file run39.txt (compact mmCIF, C-alpha atoms)
# COMPACT_ATOMS: atom_id res chain seq x y z
CA GLU K 1 -10.45 -42.58 39.31
CA ALA K 2 -6.94 -41.24 38.82
CA LYS K 3 -6.88 -42.39 35.18
CA ASP K 4 -9.88 -40.14 34.45
CA LEU K 5 -8.22 -36.93 35.67
CA ILE K 6 -7.35 -34.27 33.10
CA ASN K 7 -5.13 -31.21 33.41
CA GLY K 8 -6.77 -28.38 35.29
CA GLU K 9 -9.39 -30.44 37.11
CA LEU K 10 -9.65 -29.68 40.80
CA ILE K 11 -8.58 -32.06 43.57
CA ALA K 12 -9.63 -31.57 47.20
CA THR K 13 -6.40 -31.31 49.18
CA GLY K 14 -7.67 -31.78 52.72
CA THR K 15 -6.22 -28.38 53.70
CA PRO K 16 -8.15 -25.19 54.57
CA ALA K 17 -9.42 -22.42 52.35
CA PRO K 18 -11.29 -19.40 53.73
CA LEU K 19 -14.98 -18.77 53.79
CA ARG K 20 -16.38 -15.29 53.16
CA ARG K 21 -15.25 -13.28 56.21
CA ALA K 22 -11.78 -14.82 56.41
CA GLU K 23 -11.32 -14.42 52.65
CA GLN K 24 -12.13 -10.70 52.89
CA LEU K 25 -9.79 -10.23 55.85
CA ILE K 26 -7.00 -11.98 53.95
CA LEU K 27 -7.60 -9.92 50.77
CA GLY K 28 -7.57 -6.67 52.72
CA THR K 29 -4.46 -7.71 54.64
CA VAL K 30 -2.58 -8.72 51.48
CA LEU K 31 -3.39 -5.34 49.93
CA GLY K 32 -2.32 -3.73 53.21
CA ASP K 33 0.42 -4.77 55.63
CA GLY K 34 0.35 -8.53 55.11
CA TYR K 35 3.12 -10.60 53.55
CA LEU K 36 2.72 -13.94 51.77
CA SER K 37 6.03 -15.71 52.30
CA PRO K 38 7.57 -18.39 50.06
CA LEU K 39 7.10 -20.67 53.09
CA ARG K 40 3.32 -20.67 52.40
CA LYS K 41 2.45 -18.49 55.38
CA LEU K 42 0.62 -15.19 55.86
CA SER K 43 2.40 -12.86 58.25
CA LEU K 44 1.85 -9.31 59.46
CA SER K 45 2.75 -6.94 62.27
CA HIS K 46 0.75 -4.02 63.68
CA SER K 47 1.70 -1.35 66.19
CA THR K 48 -1.87 -1.52 67.54
CA HIS K 49 -1.88 -4.89 69.28
CA GLU K 50 -5.66 -5.23 69.30
CA TRP K 51 -5.70 -5.02 65.51
CA THR K 52 -3.36 -8.00 65.30
CA GLU K 53 -5.41 -9.88 67.90
CA VAL K 54 -8.76 -9.51 66.11
CA LYS K 55 -7.16 -10.83 62.92
CA VAL K 56 -5.76 -13.81 64.83
CA ARG K 57 -9.27 -14.56 66.13
CA LEU K 58 -10.83 -14.73 62.68
CA LEU K 59 -7.93 -16.74 61.21
CA THR K 60 -7.97 -19.42 63.91
CA GLY K 61 -8.73 -22.05 61.25
CA PHE K 62 -5.36 -21.30 59.65
CA GLY K 63 -3.41 -21.77 62.88
CA ALA K 64 -2.85 -18.02 63.27
CA VAL K 65 -0.96 -17.00 66.41
CA ALA K 66 0.32 -13.70 67.77
CA CYS K 67 3.97 -13.84 68.72
CA LYS K 68 6.24 -11.90 71.07
CA PRO K 69 6.22 -8.15 70.29
CA ASN K 70 9.01 -6.87 68.04
CA LYS K 71 11.65 -4.42 69.23
CA ASP K 72 9.47 -1.55 67.97
CA ASN K 73 6.62 -3.00 70.10
CA SER K 74 4.55 -4.00 67.07
CA LEU K 75 2.73 -7.30 67.49
CA PRO K 76 3.41 -9.90 64.76
CA MET K 77 1.13 -12.70 63.60
CA TYR K 78 1.90 -15.83 61.59
CA THR K 79 -0.34 -18.53 60.19
CA LYS K 80 0.67 -22.13 59.68
CA PRO K 81 1.87 -23.02 56.17
CA PHE K 82 -0.89 -24.02 53.77
CA PRO K 83 -1.22 -24.46 49.97
CA TYR K 84 -3.88 -21.73 49.89
CA PHE K 85 -1.26 -19.11 50.82
CA SER K 86 1.15 -20.53 48.25
CA TRP K 87 -1.60 -20.19 45.63
CA LEU K 88 -2.23 -16.58 46.72
CA ARG K 89 1.46 -15.73 46.57
CA GLU K 90 1.65 -16.95 42.97
CA ARG K 91 -1.02 -14.39 42.10
CA PHE K 92 0.09 -11.40 44.16
CA TYR K 93 3.86 -11.79 43.87
CA LYS K 94 4.47 -12.42 40.21
CA ASN K 95 8.25 -12.64 39.65
CA GLY K 96 8.70 -11.99 43.38
CA VAL K 97 7.29 -8.43 43.16
CA LYS K 98 4.01 -7.49 44.84
CA THR K 99 1.25 -6.64 42.36
CA THR K 100 -2.56 -6.68 42.35
CA ASP K 101 -4.35 -9.79 41.16
CA ARG K 102 -7.32 -8.05 39.59
CA GLU K 103 -9.49 -11.15 39.27
CA LEU K 104 -9.26 -11.77 43.02
CA VAL K 105 -9.41 -8.15 44.15
CA LYS K 106 -12.66 -7.64 42.21
CA LYS K 107 -14.21 -9.84 44.92
CA ILE K 108 -13.32 -7.42 47.71
CA ASP K 109 -16.32 -6.06 49.63
CA ASP K 110 -16.69 -3.36 52.27
CA PHE K 111 -15.27 -5.64 54.96
CA GLY K 112 -12.14 -6.30 52.91
CA ILE K 113 -11.82 -2.60 52.09
CA ALA K 114 -12.13 -1.81 55.80
CA VAL K 115 -9.26 -4.18 56.64
CA TRP K 116 -7.13 -2.62 53.92
CA PHE K 117 -7.95 0.90 55.13
CA LEU K 118 -7.18 0.04 58.77
CA ASP K 119 -3.80 -1.34 57.68
CA ASP K 120 -2.69 1.51 55.42
CA GLY K 121 -5.33 4.25 55.49
CA SER K 122 -5.64 7.55 57.33
CA THR K 123 -8.18 10.36 57.76
CA ARG K 124 -7.62 14.07 58.35
CA ILE K 125 -9.54 17.32 58.35
CA ARG K 126 -8.35 19.15 55.27
CA LEU K 127 -9.35 22.71 56.17
CA GLN K 128 -9.35 24.28 59.61
CA ASN K 129 -12.85 25.68 59.12
CA SER K 130 -14.25 22.41 57.75
CA LYS K 131 -15.38 19.34 59.68
CA ARG K 132 -15.55 17.10 56.62
CA PRO K 133 -12.85 14.40 56.55
CA VAL K 134 -10.50 13.48 53.73
CA SER K 135 -9.16 9.93 53.63
CA GLU K 136 -6.31 8.23 51.81
CA ILE K 137 -4.67 4.80 51.54
CA ALA K 138 -0.92 4.36 51.08
CA THR K 139 -0.18 1.72 48.45
CA GLY K 140 3.52 1.14 49.11
CA THR K 141 5.43 -0.40 46.22
CA LEU K 142 2.41 -1.25 44.06
CA PRO K 143 2.94 -0.17 40.42
CA VAL K 144 1.11 3.03 39.44
CA GLU K 145 -1.01 1.12 36.91
CA ASP K 146 -2.28 -1.08 39.75
CA VAL K 147 -3.02 1.98 41.90
CA SER K 148 -4.98 3.54 39.02
CA TRP K 149 -6.97 0.32 38.57
CA LEU K 150 -7.74 0.18 42.30
CA CYS K 151 -8.97 3.79 42.15
CA SER K 152 -11.32 2.85 39.31
CA LEU K 153 -12.62 -0.11 41.31
CA LEU K 154 -13.25 2.02 44.41
CA THR K 155 -14.82 4.85 42.42
CA ASP K 156 -17.20 2.37 40.80
CA ARG K 157 -18.25 1.34 44.32
CA GLY K 158 -19.11 4.97 45.13
CA TYR K 159 -15.85 5.85 46.91
CA THR K 160 -14.57 8.49 44.50
CA CYS K 161 -10.79 8.75 44.52
CA LYS K 162 -7.67 9.24 42.40
CA PRO K 163 -4.00 8.17 42.48
CA MET K 164 -1.54 10.69 43.88
CA PRO K 165 2.29 10.73 44.31
CA HIS K 166 3.48 9.74 47.78
CA ASP K 167 6.97 9.91 49.31
CA ARG K 168 8.50 10.72 45.91
CA GLN K 169 8.82 7.14 44.61
CA TYR K 170 5.44 5.74 45.69
CA HIS K 171 1.74 6.47 45.20
CA LYS K 172 -1.38 6.66 47.33
CA ILE K 173 -5.14 6.62 46.83
CA GLN K 174 -6.73 9.94 47.79
CA PHE K 175 -10.50 10.10 48.23
CA THR K 176 -12.64 13.12 47.56
CA VAL K 177 -14.56 14.64 50.49
CA ASP K 178 -17.77 12.90 49.36
CA GLY K 179 -15.91 9.66 48.65
CA SER K 180 -14.29 9.81 52.09
CA GLU K 181 -17.62 10.24 53.86
CA ARG K 182 -19.19 7.32 51.99
CA LEU K 183 -16.17 5.12 52.65
CA LEU K 184 -15.91 5.86 56.37
CA ASN K 185 -19.63 5.41 56.90
CA ALA K 186 -19.59 2.05 55.06
CA ILE K 187 -16.61 0.57 56.93
CA ALA K 188 -17.34 1.89 60.43
CA LYS K 189 -19.08 -1.28 61.65
CA TYR K 190 -15.90 -3.28 60.91
CA VAL K 191 -13.58 -0.99 62.90
CA PRO K 192 -12.67 -2.29 66.40
CA PRO K 193 -12.34 0.12 69.35
CA ALA K 194 -8.56 0.49 69.19
CA MET K 195 -8.77 1.61 65.54
CA ARG K 196 -11.71 4.03 65.86
CA TYR K 197 -9.29 6.97 65.82
CA LYS K 198 -9.33 6.59 62.03
CA LEU K 199 -13.04 7.47 61.94
CA PRO K 200 -14.97 10.72 62.50
CA ALA K 201 -16.96 11.09 65.70
CA ASN K 202 -20.50 9.69 65.68
CA SER K 203 -19.67 6.98 63.12
CA PRO K 204 -21.84 3.82 63.06
CA GLU K 205 -21.09 1.40 65.90
CA TYR K 206 -18.63 -1.48 65.77
CA GLU K 207 -20.02 -5.00 65.18
CA PRO K 208 -17.53 -7.46 66.74
CA LEU K 209 -19.19 -10.55 65.23
CA TRP K 210 -17.32 -9.87 61.98
CA TYR K 211 -14.08 -11.03 63.62
CA GLU K 212 -15.42 -14.14 65.38
CA PRO K 213 -13.73 -17.44 64.40
CA GLU K 214 -15.09 -18.95 61.19
CA LYS K 215 -15.07 -22.51 59.90
CA THR K 216 -12.86 -23.18 56.88
CA ASP K 217 -13.65 -24.56 53.44
CA THR K 218 -11.52 -27.13 51.57
CA PHE K 219 -8.76 -25.89 49.28
CA TRP K 220 -8.95 -27.40 45.80
CA SER K 221 -5.75 -27.68 43.77
CA GLU K 222 -5.51 -27.99 39.98
CA ALA K 223 -4.44 -31.38 38.64
CA ILE K 224 -1.26 -31.48 36.56
CA ILE K 225 -0.96 -34.68 34.55
CA GLU K 226 2.55 -36.02 33.90
CA GLU K 227 3.59 -39.27 32.25
CA ILE K 228 6.53 -40.83 34.06
CA PRO K 229 8.22 -43.81 32.37
CA VAL K 230 8.81 -46.76 34.71
CA PRO K 231 10.50 -50.15 34.09
CA MET K 232 8.01 -52.83 33.05
CA GLN K 233 7.54 -55.59 35.60
CA LYS K 234 7.18 -59.31 34.95
CA GLY K 235 5.85 -62.29 36.83
CA LYS K 236 3.84 -61.63 39.98
CA TRP K 237 4.50 -57.86 39.69
CA GLU K 238 3.15 -57.59 36.15
CA ARG K 239 -0.26 -56.47 37.43
CA PHE K 240 1.38 -53.23 38.64
CA ASN K 241 2.56 -52.16 35.16
CA LEU K 242 -0.31 -49.69 34.88
CA LEU K 243 -0.17 -47.37 37.90
CA TYR K 244 -1.60 -43.95 38.64
CA CYS K 245 0.08 -41.75 41.23
CA ILE K 246 -1.62 -38.67 42.68
CA ASP K 247 0.79 -36.22 44.25
CA VAL K 248 -0.43 -32.95 45.78
CA ALA K 249 2.29 -30.32 46.07
CA ASN K 250 3.55 -29.34 49.54
CA THR K 251 1.10 -31.30 51.72
CA HIS K 252 0.88 -34.55 49.67
CA ASN K 253 -2.74 -34.89 50.82
CA PHE K 254 -5.86 -35.52 48.80
CA VAL K 255 -9.44 -36.43 49.68
CA THR K 256 -11.19 -39.65 48.63
CA LEU K 257 -14.61 -41.06 49.48
CA GLY K 258 -12.87 -42.97 52.26
CA GLY K 259 -11.16 -39.94 53.81
CA THR K 260 -7.96 -37.93 53.46
CA VAL K 261 -4.97 -39.76 52.00
CA HIS K 262 -1.41 -38.75 52.87
CA ASN K 263 1.83 -40.19 51.43
CA CYS K 264 0.14 -43.42 50.30
CA TRP K 265 1.91 -46.53 49.01
CA MET K 266 0.93 -50.00 47.84
CA SER K 267 0.63 -52.54 50.64
CA ASN K 268 1.52 -56.22 50.40
CA VAL K 269 -2.18 -56.86 50.86
CA MET K 270 -4.02 -56.60 47.54
CA GLY K 271 -6.44 -53.69 47.37
CA VAL K 272 -4.93 -51.87 50.36
CA ILE K 273 -2.94 -48.64 50.03

call {"tool": "encode", "arguments": {"input": "run39.txt", "output": "structure tokens"}}
result
Amino acid sequence: EAKDLINGELIATGTPAPLRRAEQLILGTVLGDGYLSPLRKLSLSHSTHEWTEVKVRLLTGFGAVACKPNKDNSLPMYTKPFPYFSWLRERFYKNGVKTTDRELVKKIDDFGIAVWFLDDGSTRIRLQNSKRPVSEIATGTLPVEDVSWLCSLLTDRGYTCKPMPHDRQYHKIQFTVDGSERLLNAIAKYVPPAMRYKLPANSPEYEPLWYEPEKTDTFWSEAIIEEIPVPMQKGKWERFNLLYCIDVANTHNFVTLGGTVHNCWMSNVMGVI
């Protein structure tokens, strides 16, 4: 019952949250080219149209759609607005500036790393007489302390790397030759045909099932308990002097045993809301 709720308990909102594959794609995209807007949407734009399109396919449960190409011919994507993206923005855009939420990014796996690399990574042959690749990931405006932490995380996974200056005011993650080979071999199965140019020849084959549409979970929002003084009623309305109101931010939905409730109010019929 509403009266039994305490601060911080979770309420099912009746809106989507990602399962494993979609969560990894979203994490990699947020670290890469994605933007979490104040309007509770995830948006992105890629010059390789197929890369946008495979993301749209996996994020179907979030109402993702590809839009008309931009003037630079990049293909944008937008999701519908959901509380899950608002929750993510609070963690990745503290004070409006993009940072790394370390608790969430610790969950990233090779699929999420692949998405991040395909957004912002590149591979090159360092020496003319060497066929061993060297890879790097641009980290944009992320603070250097976040870049250093990300390097430690990747190195612990076996992808040895270090932070390096990039474009004077920014930084990048540069992998060693061995770290590059391990990374590229691990992520190859997640790389669709249009993005294979970022891999060496004879890399493991692409597995398209990773980007197939996935069912969604339910997003759970933390309860915030507030006491709101109301005028005391008398007579036939006295029975309503003790009321509990559940309000879920943004969507105003919550889930009960009877179904999803939206913008409820007391009916004239007793026991009906």

call {"tool": "residues_around", "arguments": {"input": "run39.txt", "residues": "region 23-30 of chain K", "least_positions_apart": "6", "cutoff": "9 Å", "atoms": "all atoms listed in the file", "output": "list of chain:residue names"}}
result
K:Ala17, K:Leu36, K:Leu42, K:Leu44, K:Lys55, K:Leu58, K:Leu59, K:Phe92, K:Leu104, K:Val105, K:Lys107, K:Ile108, K:Asp109, K:Asp110, K:Phe111, K:Gly112, K:Ile113, K:Ala114, K:Val115, K:Trp116, K:Phe117, K:Asp119, K:Tyr211

call {"tool": "write_last_selection", "arguments": {"input": "run39.txt", "atoms": "C-alpha atoms", "output": "PDB file, in the frame of the given file"}}
result
ATOM      1  CA  ALA K  17      -9.420 -22.420  52.350  1.00  0.00           C
ATOM      2  CA  LEU K  36       2.720 -13.940  51.770  1.00  0.00           C
ATOM      3  CA  LEU K  42       0.620 -15.190  55.860  1.00  0.00           C
ATOM      4  CA  LEU K  44       1.850  -9.310  59.460  1.00  0.00           C
ATOM      5  CA  LYS K  55      -7.160 -10.830  62.920  1.00  0.00           C
ATOM      6  CA  LEU K  58     -10.830 -14.730  62.680  1.00  0.00           C
ATOM      7  CA  LEU K  59      -7.930 -16.740  61.210  1.00  0.00           C
ATOM      8  CA  PHE K  92       0.090 -11.400  44.160  1.00  0.00           C
ATOM      9  CA  LEU K 104      -9.260 -11.770  43.020  1.00  0.00           C
ATOM     10  CA  VAL K 105      -9.410  -8.150  44.150  1.00  0.00           C
ATOM     11  CA  LYS K 107     -14.210  -9.840  44.920  1.00  0.00           C
ATOM     12  CA  ILE K 108     -13.320  -7.420  47.710  1.00  0.00           C
ATOM     13  CA  ASP K 109     -16.320  -6.060  49.630  1.00  0.00           C
ATOM     14  CA  ASP K 110     -16.690  -3.360  52.270  1.00  0.00           C
ATOM     15  CA  PHE K 111     -15.270  -5.640  54.960  1.00  0.00           C
ATOM     16  CA  GLY K 112     -12.140  -6.300  52.910  1.00  0.00           C
ATOM     17  CA  ILE K 113     -11.820  -2.600  52.090  1.00  0.00           C
ATOM     18  CA  ALA K 114     -12.130  -1.810  55.800  1.00  0.00           C
ATOM     19  CA  VAL K 115      -9.260  -4.180  56.640  1.00  0.00           C
ATOM     20  CA  TRP K 116      -7.130  -2.620  53.920  1.00  0.00           C
ATOM     21  CA  PHE K 117      -7.950   0.900  55.130  1.00  0.00           C
ATOM     22  CA  ASP K 119      -3.800  -1.340  57.680  1.00  0.00           C
ATOM     23  CA  TYR K 211     -14.080 -11.030  63.620  1.00  0.00           C
TER      24      TYR K 211
END

call {"tool": "residues_near_point", "arguments": {"input": "run39.txt", "point": "(-15.2, 4.4, 52.1)", "cutoff": "10 Å", "atoms": "all atoms listed in the file", "output": "VMD selection string"}}
result
chain K and resid 110 113 to 114 117 135 to 136 154 to 155 157 to 161 175 178 to 188

call {"tool": "residues_near_point", "arguments": {"input": "run39.txt", "point": "(-9.6, -22.2, 64.0)", "cutoff": "7 Å", "atoms": "only C-alpha atoms", "output": "list in words"}}
result
Leu59, Thr60, Gly61, Phe62, Gly63, Pro213, Glu214 and Lys215 of chain K

call {"tool": "residues_around", "arguments": {"input": "run39.txt", "residues": "region 143-151 of chain K", "least_positions_apart": "3", "cutoff": "10 Å", "atoms": "all atoms listed in the file", "output": "ChimeraX atom specification"}}
result
/K:97-102,105-106,138-140,154-157,159-165,170-175

call {"tool": "residues_around", "arguments": {"input": "run39.txt", "residues": "Glu9 (chain K)", "least_positions_apart": "2", "cutoff": "7 Å", "atoms": "all atoms listed in the file", "output": "number ranges by chain"}}
result
K: 5-7, 11, 222-223

call {"tool": "atom_distance", "arguments": {"input": "run39.txt", "atom1": "CA of Pro208 (chain K)", "atom2": "CA of Phe82 (chain K)"}}
result
26.8 Å

call {"tool": "atom_distance", "arguments": {"input": "run39.txt", "atom1": "CA of Trp51 (chain K)", "atom2": "CA of Lys80 (chain K)"}}
result
19.2 Å

call {"tool": "atom_distance", "arguments": {"input": "run39.txt", "atom1": "CA of Tyr35 (chain K)", "atom2": "CA of Arg196 (chain K)"}}
result
24.2 Å

call {"tool": "residues_around", "arguments": {"input": "run39.txt", "residues": "Pro69 (chain K)", "least_positions_apart": "4", "cutoff": "9 Å", "atoms": "all atoms listed in the file", "output": "list in words"}}
result
Ser45, His49, Asn73, Ser74, Leu75 and Pro76 of chain K

call {"tool": "closest_residue", "arguments": {"input": "run39.txt", "among": "K:Glu226, K:Glu53, K:Asp72, K:Asp217", "to": "Arg20 (chain K)", "atoms": "all atoms listed in the file"}}
result
K:Asp217

call {"tool": "decode", "arguments": {"input": "run39.txt", "residues": "region 141-153 of chain K", "atoms": "all heavy atoms", "output": "PDB file, in the first residue's frame"}}
result
ATOM      1  N   THR K 141      35.179  15.392 -24.865  1.00  0.00           N
ATOM      2  CA  THR K 141      35.316  16.352 -23.768  1.00  0.00           C
ATOM      3  C   THR K 141      35.389  15.691 -22.401  1.00  0.00           C
ATOM      4  O   THR K 141      35.360  16.396 -21.390  1.00  0.00           O
ATOM      5  CB  THR K 141      34.125  17.328 -23.780  1.00  0.00           C
ATOM      6  OG1 THR K 141      32.901  16.592 -23.627  1.00  0.00           O
ATOM      7  CG2 THR K 141      34.076  18.124 -25.083  1.00  0.00           C
ATOM      8  N   LEU K 142      35.490  14.368 -22.338  1.00  0.00           N
ATOM      9  CA  LEU K 142      35.575  13.711 -21.031  1.00  0.00           C
ATOM     10  C   LEU K 142      36.793  14.222 -20.256  1.00  0.00           C
ATOM     11  O   LEU K 142      37.879  14.374 -20.819  1.00  0.00           O
ATOM     12  CB  LEU K 142      35.677  12.198 -21.184  1.00  0.00           C
ATOM     13  CG  LEU K 142      34.407  11.422 -21.532  1.00  0.00           C
ATOM     14  CD1 LEU K 142      34.729   9.937 -21.663  1.00  0.00           C
ATOM     15  CD2 LEU K 142      33.328  11.641 -20.490  1.00  0.00           C
ATOM     16  N   PRO K 143      36.642  14.462 -18.952  1.00  0.00           N
ATOM     17  CA  PRO K 143      37.787  14.904 -18.137  1.00  0.00           C
ATOM     18  C   PRO K 143      38.903  13.864 -18.152  1.00  0.00           C
ATOM     19  O   PRO K 143      38.649  12.664 -18.264  1.00  0.00           O
ATOM     20  CB  PRO K 143      37.185  15.039 -16.728  1.00  0.00           C
ATOM     21  CG  PRO K 143      35.712  15.136 -16.927  1.00  0.00           C
ATOM     22  CD  PRO K 143      35.403  14.354 -18.166  1.00  0.00           C
ATOM     23  N   VAL K 144      40.146  14.325 -18.031  1.00  0.00           N
ATOM     24  CA  VAL K 144      41.298  13.420 -18.116  1.00  0.00           C
ATOM     25  C   VAL K 144      41.249  12.350 -17.032  1.00  0.00           C
ATOM     26  O   VAL K 144      41.676  11.207 -17.243  1.00  0.00           O
ATOM     27  CB  VAL K 144      42.622  14.212 -18.062  1.00  0.00           C
ATOM     28  CG1 VAL K 144      42.789  14.925 -16.722  1.00  0.00           C
ATOM     29  CG2 VAL K 144      43.805  13.287 -18.357  1.00  0.00           C
ATOM     30  N   GLU K 145      40.694  12.687 -15.847  1.00  0.00           N
ATOM     31  CA  GLU K 145      40.615  11.675 -14.790  1.00  0.00           C
ATOM     32  C   GLU K 145      39.659  10.542 -15.182  1.00  0.00           C
ATOM     33  O   GLU K 145      39.867   9.385 -14.818  1.00  0.00           O
ATOM     34  CB  GLU K 145      40.187  12.293 -13.459  1.00  0.00           C
ATOM     35  CG  GLU K 145      38.879  13.046 -13.475  1.00  0.00           C
ATOM     36  CD  GLU K 145      39.040  14.533 -13.780  1.00  0.00           C
ATOM     37  OE1 GLU K 145      40.068  14.905 -14.379  1.00  0.00           O
ATOM     38  OE2 GLU K 145      38.135  15.293 -13.401  1.00  0.00           O
ATOM     39  N   ASP K 146      38.608  10.878 -15.952  1.00  0.00           N
ATOM     40  CA  ASP K 146      37.710   9.836 -16.443  1.00  0.00           C
ATOM     41  C   ASP K 146      38.403   8.979 -17.502  1.00  0.00           C
ATOM     42  O   ASP K 146      38.234   7.753 -17.542  1.00  0.00           O
ATOM     43  CB  ASP K 146      36.445  10.459 -17.043  1.00  0.00           C
ATOM     44  CG  ASP K 146      35.441  10.875 -15.977  1.00  0.00           C
ATOM     45  OD1 ASP K 146      35.729  10.660 -14.782  1.00  0.00           O
ATOM     46  OD2 ASP K 146      34.375  11.402 -16.341  1.00  0.00           O
ATOM     47  N   VAL K 147      39.172   9.621 -18.366  1.00  0.00           N
ATOM     48  CA  VAL K 147      39.899   8.880 -19.407  1.00  0.00           C
ATOM     49  C   VAL K 147      40.899   7.927 -18.761  1.00  0.00           C
ATOM     50  O   VAL K 147      41.034   6.770 -19.181  1.00  0.00           O
ATOM     51  CB  VAL K 147      40.608   9.853 -20.377  1.00  0.00           C
ATOM     52  CG1 VAL K 147      41.361   9.082 -21.448  1.00  0.00           C
ATOM     53  CG2 VAL K 147      39.589  10.796 -21.026  1.00  0.00           C
ATOM     54  N   SER K 148      41.588   8.378 -17.737  1.00  0.00           N
ATOM     55  CA  SER K 148      42.549   7.519 -17.036  1.00  0.00           C
ATOM     56  C   SER K 148      41.838   6.331 -16.391  1.00  0.00           C
ATOM     57  O   SER K 148      42.334   5.190 -16.433  1.00  0.00           O
ATOM     58  CB  SER K 148      43.303   8.321 -15.968  1.00  0.00           C
ATOM     59  OG  SER K 148      44.080   9.340 -16.567  1.00  0.00           O
ATOM     60  N   TRP K 149      40.675   6.582 -15.793  1.00  0.00           N
ATOM     61  CA  TRP K 149      39.913   5.493 -15.175  1.00  0.00           C
ATOM     62  C   TRP K 149      39.454   4.490 -16.228  1.00  0.00           C
ATOM     63  O   TRP K 149      39.522   3.275 -16.010  1.00  0.00           O
ATOM     64  CB  TRP K 149      38.716   6.056 -14.415  1.00  0.00           C
ATOM     65  CG  TRP K 149      37.898   4.984 -13.755  1.00  0.00           C
ATOM     66  CD1 TRP K 149      38.131   4.400 -12.546  1.00  0.00           C
ATOM     67  CD2 TRP K 149      36.743   4.333 -14.308  1.00  0.00           C
ATOM     68  NE1 TRP K 149      37.180   3.433 -12.291  1.00  0.00           N
ATOM     69  CE2 TRP K 149      36.314   3.370 -13.361  1.00  0.00           C
ATOM     70  CE3 TRP K 149      36.027   4.480 -15.485  1.00  0.00           C
ATOM     71  CZ2 TRP K 149      35.197   2.560 -13.566  1.00  0.00           C
ATOM     72  CZ3 TRP K 149      34.919   3.673 -15.700  1.00  0.00           C
ATOM     73  CH2 TRP K 149      34.509   2.731 -14.747  1.00  0.00           C
ATOM     74  N   LEU K 150      38.994   4.977 -17.374  1.00  0.00           N
ATOM     75  CA  LEU K 150      38.568   4.092 -18.457  1.00  0.00           C
ATOM     76  C   LEU K 150      39.732   3.237 -18.955  1.00  0.00           C
ATOM     77  O   LEU K 150      39.566   2.049 -19.258  1.00  0.00           O
ATOM     78  CB  LEU K 150      37.983   4.913 -19.607  1.00  0.00           C
ATOM     79  CG  LEU K 150      36.603   5.535 -19.352  1.00  0.00           C
ATOM     80  CD1 LEU K 150      36.288   6.599 -20.399  1.00  0.00           C
ATOM     81  CD2 LEU K 150      35.519   4.462 -19.346  1.00  0.00           C
ATOM     82  N   CYS K 151      40.921   3.833 -19.029  1.00  0.00           N
ATOM     83  CA  CYS K 151      42.109   3.068 -19.433  1.00  0.00           C
ATOM     84  C   CYS K 151      42.394   1.950 -18.441  1.00  0.00           C
ATOM     85  O   CYS K 151      42.733   0.820 -18.835  1.00  0.00           O
ATOM     86  CB  CYS K 151      43.318   3.990 -19.546  1.00  0.00           C
ATOM     87  SG  CYS K 151      43.313   5.036 -21.016  1.00  0.00           S
ATOM     88  N   SER K 152      42.245   2.238 -17.152  1.00  0.00           N
ATOM     89  CA  SER K 152      42.464   1.202 -16.138  1.00  0.00           C
ATOM     90  C   SER K 152      41.448   0.077 -16.288  1.00  0.00           C
ATOM     91  O   SER K 152      41.791  -1.111 -16.182  1.00  0.00           O
ATOM     92  CB  SER K 152      42.364   1.813 -14.731  1.00  0.00           C
ATOM     93  OG  SER K 152      43.377   2.770 -14.523  1.00  0.00           O
ATOM     94  N   LEU K 153      40.193   0.446 -16.547  1.00  0.00           N
ATOM     95  CA  LEU K 153      39.141  -0.554 -16.736  1.00  0.00           C
ATOM     96  C   LEU K 153      39.448  -1.451 -17.934  1.00  0.00           C
ATOM     97  O   LEU K 153      39.360  -2.685 -17.856  1.00  0.00           O
ATOM     98  CB  LEU K 153      37.792   0.142 -16.930  1.00  0.00           C
ATOM     99  CG  LEU K 153      36.583  -0.756 -17.190  1.00  0.00           C
ATOM    100  CD1 LEU K 153      36.207  -1.517 -15.921  1.00  0.00           C
ATOM    101  CD2 LEU K 153      35.389   0.060 -17.682  1.00  0.00           C
TER     102      LEU K 153
END
